[in-house]
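To start, the structure under review is shown below, and the notes come after it.
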Amino acid sequence: RKLLDAGADGLRVGMGVGSVSTSQNVKAVGRAQLSAVYHCAKIASLYNVPCIADGGIGNTGSAIKALTMGASCVMMGSLLAGVEESPGQYFFENNMRLKAYRGMGSLHNRSKVNSDAASPEEDIVVNTGVSGAVVDKGTMMKFMPYFAQSVRHGLQDMGINSLPSLRQGLYDGSLRFEIRSPNAQKEGGVHDLHSFTTKLFSS
């Protein structure tokens, strides 16, 4: 609310929930992302200010959940890190085509920032992220249409025809949520198969 009172024209919500972040372990700050998005977006809606859900968007379903909780848009760091257009070179590991992905707070990136430290205290690098790799997702020209269409399908199955209608349903109580048991979550995914293959979209 202090940021909104100060005139912020947008809020980025998410602390330590990114796929390469360790902030919650290192600094003991942050909260469950969907709860944070909901409460921040609810207050921001009083100021007509949008909220960005930053972190925890591992797939299209995660983006849909963030939008239903009041987010106006989502950050897609790890999702887009594997597309052809993102920086970095592909490499192979265990027959998988991968691309390096590093957190903002990783030692790799923090070391570069602190290379010109003026004092011993500033020279101490606190690692709040990791360096890893993400799977090749092909070109963004195919990935983004797949992503957008998946979000449309999610809203369609909810009976929602637009994002403004989704937000209205959230705040007038007509949009309902359900807590799913571990068994329900298992049933909602692929199960009881010996093996299977999957592709994000047709080539």
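Every chain in the structure tokens has a letter given in the order shown (A, B, ...), and although residue numbers restart at 1 in each chain, ligands are simply numbered from 1 in the order shown.
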
Selection: 9 Å around Arg167 in chain A, only C-alpha atoms, excl. self and same-chain fewer than 5 positions, as a tab-separated table (two decimals) with N, CA, C and O atoms, in the first residue's frame:
```
chain	number	residue	atom	x	y	z
A	67	LEU	N	-3.42	-15.43	-13.00
A	67	LEU	CA	-4.41	-14.50	-13.54
A	67	LEU	C	-5.72	-14.57	-12.76
A	67	LEU	O	-6.37	-13.55	-12.52
A	68	THR	N	-6.11	-15.78	-12.35
A	68	THR	CA	-7.36	-15.91	-11.60
A	68	THR	C	-7.23	-15.30	-10.20
A	68	THR	O	-8.24	-14.95	-9.59
A	69	MET	N	-6.00	-15.15	-9.71
A	69	MET	CA	-5.79	-14.54	-8.39
A	69	MET	C	-5.65	-13.03	-8.47
A	69	MET	O	-5.38	-12.38	-7.45
A	70	GLY	N	-5.78	-12.46	-9.66
A	70	GLY	CA	-5.76	-11.01	-9.78
A	70	GLY	C	-4.60	-10.41	-10.53
A	70	GLY	O	-4.57	-9.20	-10.76
A	71	ALA	N	-3.61	-11.23	-10.91
A	71	ALA	CA	-2.46	-10.71	-11.66
A	71	ALA	C	-2.92	-10.19	-13.03
A	71	ALA	O	-3.81	-10.78	-13.65
A	162	SER	N	-13.22	-13.27	-20.91
A	162	SER	CA	-12.22	-12.21	-20.99
A	162	SER	C	-11.54	-12.06	-19.63
A	162	SER	O	-12.08	-12.48	-18.60
A	172	ASP	N	-16.32	-10.33	-7.03
A	172	ASP	CA	-17.74	-10.37	-6.65
A	172	ASP	C	-18.14	-11.74	-6.08
A	172	ASP	O	-19.28	-11.95	-5.70
A	175	LEU	N	-16.43	-16.34	-8.87
A	175	LEU	CA	-15.33	-17.25	-9.21
A	175	LEU	C	-14.96	-18.02	-7.95
A	175	LEU	O	-14.62	-17.42	-6.93
```

Exercise. Could you pull out the residues in chain A that DSSP calls strand (DSSP E or B) from the backbone, as number ranges by chain?
Key: A: 11-13, 21, 51-53, 73-74, 83, 90-93, 96-102, 129, 131-135, 138

Practice problem: Please provide the set of residues having any atom within 12 Å of range 178-184 of chain A, restricted to only C-alpha atoms, with same-chain residues fewer than 6 positions apart removed, written as a ChimeraX atom specification. | Solution: /A:65,190-191

Quiz item: From the set A:Lys142, A:Lys27, A:Arg102, A:Arg12, which residue has the shortest atom-to-atom contact distance to Ser78 in chain A, counting only C-alpha atoms?
Solution: A:Arg102

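Reported to one decimal place, the separation of CA of Gly138 in chain A from CA of Gly82 in chain A is 7.4 Å.
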
Quiz item: Mind checking DSSP for range 4-196 of chain A and telling me the alpha helix (DSSP H) residues as a VMD selection string?
Solution: chain A and resid 4 to 5 23 to 27 33 to 46 60 to 68 77 to 80 107 to 113 140 to 158 163 to 172 182 to 187

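Taking CA of Ala100 in chain A as the reference point, CA of Ser131 in chain A is found at 7.5 Å.
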
Self-check item: Surrounding residues of Phe91 in chain A excluding itself and chain neighbours under 4 positions, 10 Å, only C-alpha atoms, as a PyMOL selection string
Solution: chain A and resi 95-100+133+135-136
